[in-house]
$ cat protein_34.txt   # compact mmCIF, C-alpha atoms and all ligand atoms
# COMPACT_ATOMS: atom_id res chain seq x y z
CA MET U 1 17.69 -98.84 108.19
CA TYR U 2 15.96 -95.47 108.58
CA ASN U 3 15.81 -94.23 112.17
CA ARG U 4 13.99 -90.97 111.80
CA ILE U 5 11.00 -90.78 109.53
CA LEU U 6 8.13 -88.55 108.59
CA LEU U 7 5.11 -90.61 107.63
CA LYS U 8 2.36 -89.02 105.55
CA LEU U 9 -1.00 -90.77 105.67
CA SER U 10 -4.04 -89.64 103.77
CA GLY U 11 -7.21 -89.20 105.81
CA GLU U 12 -8.79 -92.17 104.08
CA VAL U 13 -6.57 -94.57 106.04
CA LEU U 14 -8.92 -93.79 108.93
CA SER U 15 -12.16 -94.42 107.08
CA GLY U 16 -11.38 -96.93 104.35
CA GLU U 17 -11.03 -95.99 100.69
CA ASP U 18 -13.62 -93.55 99.30
CA LYS U 19 -15.42 -93.49 102.64
CA LYS U 20 -15.93 -90.78 105.23
CA GLY U 21 -15.60 -90.78 109.00
CA PHE U 22 -13.76 -93.32 111.12
CA ASP U 23 -13.65 -97.06 110.75
CA GLU U 24 -12.61 -99.03 113.83
CA LYS U 25 -11.03 -101.83 111.78
CA ALA U 26 -9.00 -99.41 109.65
CA ILE U 27 -7.72 -97.53 112.69
CA ASP U 28 -6.87 -100.76 114.47
CA TYR U 29 -4.83 -101.90 111.46
CA LEU U 30 -3.08 -98.53 111.36
CA SER U 31 -2.28 -98.66 115.10
CA ASN U 32 -0.77 -102.13 114.76
CA GLU U 33 1.43 -101.04 111.85
CA ILE U 34 2.62 -98.02 113.85
CA LYS U 35 3.21 -100.08 116.98
CA ASP U 36 5.50 -102.40 115.00
CA ILE U 37 7.73 -99.57 113.84
CA VAL U 38 7.78 -97.76 117.19
CA LYS U 39 8.98 -101.03 118.78
CA HIS U 40 12.14 -100.70 116.65
CA GLY U 41 12.97 -97.40 118.36
CA ILE U 42 12.31 -95.38 115.20
CA LYS U 43 11.69 -91.67 115.78
CA LEU U 44 8.37 -91.16 114.08
CA GLY U 45 6.74 -87.92 112.98
CA MET U 46 3.37 -88.13 111.25
CA VAL U 47 1.26 -85.88 109.06
CA ILE U 48 -2.32 -86.94 108.53
CA GLY U 49 -4.68 -85.62 105.86
CA ALA U 50 -8.42 -85.04 106.22
CA GLY U 51 -9.88 -86.68 103.14
CA ASN U 52 -12.10 -88.80 105.44
CA LEU U 53 -13.67 -85.61 106.81
CA PHE U 54 -13.25 -82.56 104.57
CA ARG U 55 -11.20 -81.54 101.57
CA GLY U 56 -11.50 -77.83 100.83
CA ARG U 57 -12.08 -78.40 97.13
CA GLU U 58 -14.97 -80.79 97.80
CA LEU U 59 -16.91 -78.14 99.79
CA GLU U 60 -18.39 -76.59 96.68
CA ASP U 61 -20.64 -74.01 98.35
CA VAL U 62 -17.91 -72.75 100.66
CA THR U 63 -15.39 -69.98 99.90
CA ASN U 64 -11.96 -71.45 99.04
CA THR U 65 -10.09 -70.10 102.04
CA ILE U 66 -12.79 -71.11 104.52
CA GLY U 67 -13.06 -74.55 102.91
CA ASP U 68 -9.33 -75.00 103.37
CA HIS U 69 -9.51 -73.84 106.98
CA ILE U 70 -12.20 -76.48 107.53
CA GLY U 71 -9.89 -79.04 105.87
CA MET U 72 -6.99 -78.07 108.11
CA LEU U 73 -9.18 -78.32 111.19
CA GLY U 74 -10.11 -81.79 109.94
CA THR U 75 -6.47 -82.78 110.21
CA VAL U 76 -6.49 -81.68 113.86
CA ILE U 77 -9.60 -83.79 114.51
CA ASN U 78 -7.89 -86.80 112.90
CA ALA U 79 -4.69 -86.21 114.87
CA LEU U 80 -6.54 -86.08 118.19
CA TYR U 81 -8.62 -89.11 117.29
CA LEU U 82 -5.42 -91.01 116.50
CA LYS U 83 -3.61 -89.81 119.61
CA ASP U 84 -6.42 -91.12 121.77
CA TYR U 85 -6.55 -94.44 119.96
CA PHE U 86 -2.77 -94.86 119.94
CA GLU U 87 -2.50 -94.20 123.65
CA ARG U 88 -5.10 -96.85 124.40
CA LYS U 89 -2.82 -99.20 122.42
CA GLY U 90 0.21 -98.14 124.47
CA ILE U 91 1.76 -95.86 121.81
CA LYS U 92 2.84 -92.59 123.46
CA THR U 93 1.73 -89.76 121.20
CA VAL U 94 1.80 -85.98 121.18
CA VAL U 95 -0.14 -83.73 118.79
CA VAL U 96 1.49 -80.44 117.78
CA SER U 97 -0.03 -77.65 115.71
CA GLN U 98 0.11 -73.94 115.10
CA ILE U 99 -3.52 -73.50 114.12
CA VAL U 100 -5.42 -74.29 117.31
CA ASP U 101 -5.12 -73.49 120.97
CA LEU U 102 -6.44 -76.53 122.83
CA PRO U 103 -5.19 -78.18 126.01
CA SER U 104 -4.72 -81.43 124.10
CA VAL U 105 -2.56 -79.84 121.38
CA ARG U 106 0.92 -78.41 121.88
CA ARG U 107 2.55 -75.58 119.97
CA ILE U 108 5.29 -76.63 117.55
CA HIS U 109 8.64 -75.91 119.13
CA TYR U 110 11.79 -77.45 117.66
CA ASP U 111 13.53 -78.07 121.01
CA ASP U 112 10.43 -79.75 122.42
CA ILE U 113 10.05 -81.99 119.39
CA GLU U 114 13.50 -83.42 119.99
CA LEU U 115 12.54 -84.05 123.63
CA TYR U 116 9.35 -85.85 122.56
CA PHE U 117 11.31 -88.08 120.20
CA ASN U 118 13.93 -88.83 122.83
CA ALA U 119 11.18 -89.75 125.28
CA GLY U 120 9.76 -92.24 122.75
CA TYR U 121 6.71 -90.25 121.66
CA VAL U 122 5.19 -90.33 118.20
CA VAL U 123 4.74 -86.71 117.12
CA ILE U 124 1.67 -85.94 114.98
CA PHE U 125 2.00 -82.62 113.14
CA ALA U 126 -1.59 -81.42 112.70
CA GLY U 127 -3.02 -78.46 110.80
CA GLY U 128 -1.24 -78.91 107.47
CA THR U 129 1.03 -76.02 106.51
CA SER U 130 -1.27 -73.60 108.44
CA ASN U 131 -2.13 -71.96 105.10
CA PRO U 132 -5.01 -72.40 102.68
CA PHE U 133 -4.27 -73.48 99.07
CA PHE U 134 -1.80 -76.14 100.19
CA THR U 135 -2.09 -79.85 100.91
CA THR U 136 -0.95 -82.14 103.64
CA ASP U 137 1.61 -83.60 101.19
CA THR U 138 3.31 -80.21 101.19
CA ALA U 139 3.01 -80.07 104.99
CA ALA U 140 4.65 -83.49 105.14
CA ALA U 141 7.56 -82.29 102.97
CA LEU U 142 8.04 -79.22 105.19
CA ARG U 143 7.87 -81.17 108.45
CA ALA U 144 10.21 -83.86 107.10
CA VAL U 145 12.84 -81.21 106.35
CA GLU U 146 12.21 -79.40 109.66
CA MET U 147 12.55 -82.54 111.76
CA LYS U 148 15.61 -83.62 109.73
CA ALA U 149 14.01 -86.91 108.83
CA ASP U 150 16.07 -89.55 107.04
CA ILE U 151 13.14 -90.08 104.70
CA LEU U 152 9.59 -88.98 103.92
CA ILE U 153 7.26 -91.92 103.49
CA LYS U 154 4.00 -91.36 101.71
CA ALA U 155 1.86 -94.34 102.64
CA THR U 156 -1.11 -94.56 100.33
CA LYS U 157 -3.50 -96.92 98.54
CA VAL U 158 -1.36 -97.78 95.51
CA ASP U 159 1.96 -99.66 95.32
CA GLY U 160 4.08 -96.66 94.36
CA ILE U 161 4.43 -94.08 91.62
CA TYR U 162 3.23 -95.08 88.16
CA ASP U 163 3.51 -93.43 84.76
CA LYS U 164 -0.22 -92.67 85.07
CA ASP U 165 -2.91 -93.11 87.71
CA PRO U 166 -3.12 -96.92 88.27
CA LYS U 167 -6.66 -96.56 89.61
CA LYS U 168 -7.74 -95.25 86.22
CA PHE U 169 -5.40 -97.05 83.81
CA GLU U 170 -4.91 -100.80 83.99
CA ASN U 171 -1.75 -100.61 81.89
CA ALA U 172 -0.02 -98.08 84.17
CA LYS U 173 3.62 -98.98 84.80
CA LYS U 174 5.24 -98.65 88.21
CA TYR U 175 8.60 -96.97 88.74
CA ASP U 176 10.97 -98.59 91.24
CA LYS U 177 12.98 -95.37 91.29
CA ILE U 178 12.37 -91.93 89.86
CA THR U 179 14.05 -88.53 90.13
CA TYR U 180 12.31 -85.47 91.57
CA ASP U 181 12.65 -83.77 88.19
CA ASP U 182 10.95 -86.61 86.35
CA ALA U 183 8.15 -86.80 88.92
CA ILE U 184 7.56 -83.06 88.48
CA ASN U 185 8.07 -82.80 84.72
CA LEU U 186 5.93 -85.83 83.92
CA GLY U 187 3.15 -84.37 86.09
CA LEU U 188 2.71 -87.57 88.10
CA LYS U 189 -0.14 -86.69 90.39
CA ILE U 190 0.73 -88.86 93.35
CA MET U 191 2.02 -85.82 95.28
CA ASP U 192 1.75 -82.17 94.43
CA THR U 193 4.56 -80.31 92.73
CA GLU U 194 5.15 -78.12 95.80
CA ALA U 195 5.86 -81.21 97.91
CA PHE U 196 8.25 -82.68 95.31
CA SER U 197 10.01 -79.30 94.95
CA ILE U 198 10.62 -78.89 98.67
CA CYS U 199 12.03 -82.42 98.86
CA LYS U 200 14.21 -81.78 95.83
CA ARG U 201 15.56 -78.50 97.24
CA TYR U 202 16.49 -80.07 100.59
CA LYS U 203 17.46 -83.50 99.19
CA MET U 204 14.79 -85.27 101.21
CA PRO U 205 14.34 -88.78 99.77
CA ILE U 206 10.78 -90.06 99.44
CA ILE U 207 9.31 -93.55 99.41
CA VAL U 208 5.75 -93.98 98.15
CA LEU U 209 4.26 -97.29 99.24
CA ASN U 210 1.01 -99.14 99.75
CA PHE U 211 -0.05 -98.78 103.35
CA PHE U 212 -2.67 -101.49 103.10
CA LYS U 213 -0.19 -104.33 102.58
CA LYS U 214 0.69 -105.65 105.99
CA ASN U 215 4.27 -104.93 107.20
CA ASN U 216 5.03 -102.87 104.07
CA LEU U 217 5.94 -99.87 106.16
CA LEU U 218 8.29 -101.76 108.46
CA ASN U 219 9.85 -103.64 105.53
CA ALA U 220 10.49 -100.37 103.69
CA LEU U 221 12.24 -98.97 106.77
CA LEU U 222 14.37 -102.07 107.05
CA ASN U 223 15.58 -101.35 103.52
CA SER U 224 13.79 -103.86 101.37
CA ASN U 225 12.76 -102.80 97.92
CA ILE U 226 9.22 -101.63 98.55
CA GLY U 227 7.23 -99.03 96.64
CA THR U 228 8.89 -96.26 94.64
CA PHE U 229 12.02 -94.42 95.77
CA VAL U 230 12.31 -90.75 94.76
CA LYS U 231 15.82 -89.39 94.71
CA PRO U 232 17.95 -86.61 93.17
N1 LIG U 301 1.18 -91.30 88.67
C1 LIG U 301 0.52 -91.83 89.72
N2 LIG U 301 1.04 -92.87 90.40
C2 LIG U 301 0.40 -93.40 91.47
N3 LIG U 301 -0.80 -92.95 91.94
C3 LIG U 301 -1.38 -91.91 91.30
C4 LIG U 301 -0.75 -91.30 90.17
N4 LIG U 301 -1.54 -90.29 89.75
C5 LIG U 301 -2.60 -90.25 90.56
N5 LIG U 301 -2.53 -91.22 91.51
C6 LIG U 301 -3.55 -91.44 92.56
O1 LIG U 301 -3.07 -90.87 93.79
C7 LIG U 301 -3.72 -91.55 94.85
C8 LIG U 301 -2.92 -91.46 96.12
O2 LIG U 301 -2.87 -90.14 96.63
P1 LIG U 301 -3.34 -89.82 98.11
O3 LIG U 301 -2.85 -88.42 98.41
O4 LIG U 301 -2.95 -90.91 99.04
O5 LIG U 301 -4.89 -89.85 98.00
P2 LIG U 301 -5.92 -88.69 97.76
O6 LIG U 301 -5.24 -87.72 96.83
O7 LIG U 301 -7.09 -89.41 97.20
O8 LIG U 301 -6.16 -88.12 99.12
C9 LIG U 301 -3.78 -92.98 94.40
O9 LIG U 301 -4.92 -93.61 94.92
C10 LIG U 301 -3.84 -92.89 92.87
O10 LIG U 301 -5.12 -93.20 92.39
O1 LIG U 302 -1.54 -76.94 104.27
C1 LIG U 302 -2.71 -77.30 104.09
C2 LIG U 302 -3.12 -78.66 104.21
C3 LIG U 302 -4.45 -78.99 104.02
N1 LIG U 302 -5.37 -78.02 103.74
C4 LIG U 302 -6.80 -78.36 103.61
O2 LIG U 302 -7.04 -79.57 104.27
C5 LIG U 302 -7.65 -80.52 103.37
C6 LIG U 302 -7.23 -81.92 103.71
O3 LIG U 302 -5.88 -82.16 103.32
P1 LIG U 302 -5.51 -83.19 102.14
O4 LIG U 302 -6.42 -82.96 100.97
O5 LIG U 302 -4.05 -83.05 101.88
O6 LIG U 302 -5.86 -84.57 102.84
P2 LIG U 302 -5.70 -86.06 102.28
O7 LIG U 302 -6.20 -86.08 100.85
O8 LIG U 302 -4.22 -86.37 102.34
O9 LIG U 302 -6.50 -86.91 103.23
C7 LIG U 302 -7.24 -80.03 101.99
O10 LIG U 302 -8.14 -80.48 101.01
C8 LIG U 302 -7.27 -78.52 102.17
O11 LIG U 302 -8.60 -78.05 102.09
C9 LIG U 302 -4.96 -76.69 103.59
O12 LIG U 302 -5.76 -75.82 103.32
N2 LIG U 302 -3.65 -76.38 103.79
$ encode --input "protein_34.txt" --output "structure tokens" --more "lines below"
Ligand SMILES: Nc1ncnc2c1ncn2[C@@H]1O[C@H](COP(=O)(O)OP(=O)(O)O)[C@@H](O)[C@H]1O
Ligand SMILES: O=c1ccn([C@@H]2O[C@H](COP(=O)(O)OP(=O)(O)O)[C@@H](O)[C@H]2O)c(=O)[nH]1
Amino acid sequence: MYNRILLKLSGEVLSGEDKKGFDEKAIDYLSNEIKDIVKHGIKLGMVIGAGNLFRGRELEDVTNTIGDHIGMLGTVINALYLKDYFERKGIKTVVVSQIVDLPSVRRIHYDDIELYFNAGYVVIFAGGTSNPFFTTDTAAALRAVEMKADILIKATKVDGIYDKDPKKFENAKKYDKITYDDAINLGLKIMDTEAFSICKRYKMPIIVLNFFKKNNLLNALLNSNIGTFVKP
């Protein structure tokens, strides 16, 4: 069983696939899934994307760097939205970030993060890597290594990593296991190369799984064979 995890969720888990904004039903489902794993005493760090609000590359009339800053701020909005929702559901949550100075957001400080975990808080790392030109997958890889997670879980809308995009190719084949090198060399676009490279360098295992199948997350943590496992 994994006791210390970094969970990466794309922004669309808050809005529903290919939608924007916030969907009450989607967030309620998410909260229930999180509540189930917190109940098991798992130390949970989270990184949330902003695809439901802004992705830099989708803001065509905006300069790249500014678009990415808007995207990163989107992750802070999502984190605060989630914190508020989680707390109404009885999940103690703290949002940490280096990119904003707000009374509801704390600075990232390693010693404090350990205290939050020990006090049973979910820690949401907001603001991506703090740099433009990166993604929240890369932020998730960095935070997973920093918090010494047992595993990085990328919870997404497909069942795992395939030999090609399963949303585009019906005959795509799923891998149960794959090495970092194969994931990088085959150009499998489920996570960016930077994220895979960081995990490879620091031997951070990854599970990619479907977040929309009930209890998938908990079952993966309890060691059943769910999704795709990425290993050295
Ligand atoms: N080789 C692959 N295996 C699995 N999914 C892939 C692959 N290549 C591309 N994808 C796509 O990646 C998406 C998941 O990435 P995610 O970061 O959660 O979403 P997004 O990039 O849309 O924000 C899936 O919906 C899938 O369509
Ligand atoms: O370190 C980071 C992380 C994110 N972003 C910006 O924030 C947006 C939202 O992140 P992402 O695309 O990873 O969200 P997701 O697709 O996972 O919802 C990105 O498109 C980028 O514009 C960034 O500039 N630097």
$ residues_near_ligand --input "protein_34.txt" --ligand "ligand LIG 302 (chain U)" --cutoff "10 Å" --atoms "all atoms listed in the file" --output "ChimeraX atom specification"
/U:8-14,47-59,64-76,78,126-140,142,154,156,191-192
$ residues_near_ligand --input "protein_34.txt" --ligand "ligand LIG 301 (chain U)" --cutoff "6 Å" --atoms "only C-alpha atoms and all ligand atoms" --output "PyMOL selection string"
chain U and resi 10+51+156-158+160-167+188-190
$ write_last_selection --input "protein_34.txt" --atoms "C-alpha atoms" --output "PDB file, keeping the file's coordinate frame"
ATOM      1  CA  SER U  10      -4.040 -89.640 103.770  1.00  0.00           C
ATOM      2  CA  GLY U  51      -9.880 -86.680 103.140  1.00  0.00           C
ATOM      3  CA  THR U 156      -1.110 -94.560 100.330  1.00  0.00           C
ATOM      4  CA  LYS U 157      -3.500 -96.920  98.540  1.00  0.00           C
ATOM      5  CA  VAL U 158      -1.360 -97.780  95.510  1.00  0.00           C
ATOM      6  CA  GLY U 160       4.080 -96.660  94.360  1.00  0.00           C
ATOM      7  CA  ILE U 161       4.430 -94.080  91.620  1.00  0.00           C
ATOM      8  CA  TYR U 162       3.230 -95.080  88.160  1.00  0.00           C
ATOM      9  CA  ASP U 163       3.510 -93.430  84.760  1.00  0.00           C
ATOM     10  CA  LYS U 164      -0.220 -92.670  85.070  1.00  0.00           C
ATOM     11  CA  ASP U 165      -2.910 -93.110  87.710  1.00  0.00           C
ATOM     12  CA  PRO U 166      -3.120 -96.920  88.270  1.00  0.00           C
ATOM     13  CA  LYS U 167      -6.660 -96.560  89.610  1.00  0.00           C
ATOM     14  CA  LEU U 188       2.710 -87.570  88.100  1.00  0.00           C
ATOM     15  CA  LYS U 189      -0.140 -86.690  90.390  1.00  0.00           C
ATOM     16  CA  ILE U 190       0.730 -88.860  93.350  1.00  0.00           C
TER      17      ILE U 190
END
$ residues_around --input "protein_34.txt" --residues "Met204 of chain U" --least-positions-apart "4" --cutoff "12 Å" --atoms "only C-alpha atoms" --output "list in words"
Ile5, Leu6, Ala140, Ala141, Leu142, Arg143, Ala144, Val145, Glu146, Met147, Lys148, Ala149, Asp150, Ile151, Leu152, Ile153, Thr179, Tyr180, Ala195, Phe196, Ser197, Ile198, Cys199, Lys200, Phe229, Val230, Lys231 and Pro232 of chain U
$ write_last_selection --input "protein_34.txt" --atoms "C-alpha atoms" --output "PDB file, keeping the file's coordinate frame"
ATOM      1  CA  ILE U   5      11.000 -90.780 109.530  1.00  0.00           C
ATOM      2  CA  LEU U   6       8.130 -88.550 108.590  1.00  0.00           C
ATOM      3  CA  ALA U 140       4.650 -83.490 105.140  1.00  0.00           C
ATOM      4  CA  ALA U 141       7.560 -82.290 102.970  1.00  0.00           C
ATOM      5  CA  LEU U 142       8.040 -79.220 105.190  1.00  0.00           C
ATOM      6  CA  ARG U 143       7.870 -81.170 108.450  1.00  0.00           C
ATOM      7  CA  ALA U 144      10.210 -83.860 107.100  1.00  0.00           C
ATOM      8  CA  VAL U 145      12.840 -81.210 106.350  1.00  0.00           C
ATOM      9  CA  GLU U 146      12.210 -79.400 109.660  1.00  0.00           C
ATOM     10  CA  MET U 147      12.550 -82.540 111.760  1.00  0.00           C
ATOM     11  CA  LYS U 148      15.610 -83.620 109.730  1.00  0.00           C
ATOM     12  CA  ALA U 149      14.010 -86.910 108.830  1.00  0.00           C
ATOM     13  CA  ASP U 150      16.070 -89.550 107.040  1.00  0.00           C
ATOM     14  CA  ILE U 151      13.140 -90.080 104.700  1.00  0.00           C
ATOM     15  CA  LEU U 152       9.590 -88.980 103.920  1.00  0.00           C
ATOM     16  CA  ILE U 153       7.260 -91.920 103.490  1.00  0.00           C
ATOM     17  CA  THR U 179      14.050 -88.530  90.130  1.00  0.00           C
ATOM     18  CA  TYR U 180      12.310 -85.470  91.570  1.00  0.00           C
ATOM     19  CA  ALA U 195       5.860 -81.210  97.910  1.00  0.00           C
ATOM     20  CA  PHE U 196       8.250 -82.680  95.310  1.00  0.00           C
ATOM     21  CA  SER U 197      10.010 -79.300  94.950  1.00  0.00           C
ATOM     22  CA  ILE U 198      10.620 -78.890  98.670  1.00  0.00           C
ATOM     23  CA  CYS U 199      12.030 -82.420  98.860  1.00  0.00           C
ATOM     24  CA  LYS U 200      14.210 -81.780  95.830  1.00  0.00           C
ATOM     25  CA  PHE U 229      12.020 -94.420  95.770  1.00  0.00           C
ATOM     26  CA  VAL U 230      12.310 -90.750  94.760  1.00  0.00           C
ATOM     27  CA  LYS U 231      15.820 -89.390  94.710  1.00  0.00           C
ATOM     28  CA  PRO U 232      17.950 -86.610  93.170  1.00  0.00           C
TER      29      PRO U 232
END
$ residues_near_point --input "protein_34.txt" --point "(-13.7, -97.4, 115.2)" --cutoff "10 Å" --atoms "all atoms listed in the file" --output "CSV table (one decimal) with C-alpha atoms, in the frame of the given file"
chain,number,residue,atom,x,y,z
U,14,LEU,CA,-8.9,-93.8,108.9
U,15,SER,CA,-12.2,-94.4,107.1
U,21,GLY,CA,-15.6,-90.8,109.0
U,22,PHE,CA,-13.8,-93.3,111.1
U,23,ASP,CA,-13.6,-97.1,110.8
U,24,GLU,CA,-12.6,-99.0,113.8
U,25,LYS,CA,-11.0,-101.8,111.8
U,26,ALA,CA,-9.0,-99.4,109.6
U,27,ILE,CA,-7.7,-97.5,112.7
U,28,ASP,CA,-6.9,-100.8,114.5
U,81,TYR,CA,-8.6,-89.1,117.3
U,85,TYR,CA,-6.6,-94.4,120.0
$ closest_residue --input "protein_34.txt" --among "U:Val94, U:Ala155, U:Ile42, U:Leu217" --to "Asp112 of chain U" --atoms "only C-alpha atoms"
U:Val94
$ atom_distance --input "protein_34.txt" --atom1 "atom CA of Phe211 of chain U" --atom2 "atom CA of Phe169 of chain U"
20.3 Å
$ closest_residue --input "protein_34.txt" --among "U:Thr228, U:Thr93, U:Gln98, U:Ser31" --to "Asn210 of chain U" --atoms "all atoms listed in the file"
U:Thr228
$ closest_residue --input "protein_34.txt" --among "U:Lys83, U:Lys177, U:Lys43, U:Lys203" --to "Asn118 of chain U" --atoms "only C-alpha atoms"
U:Lys43
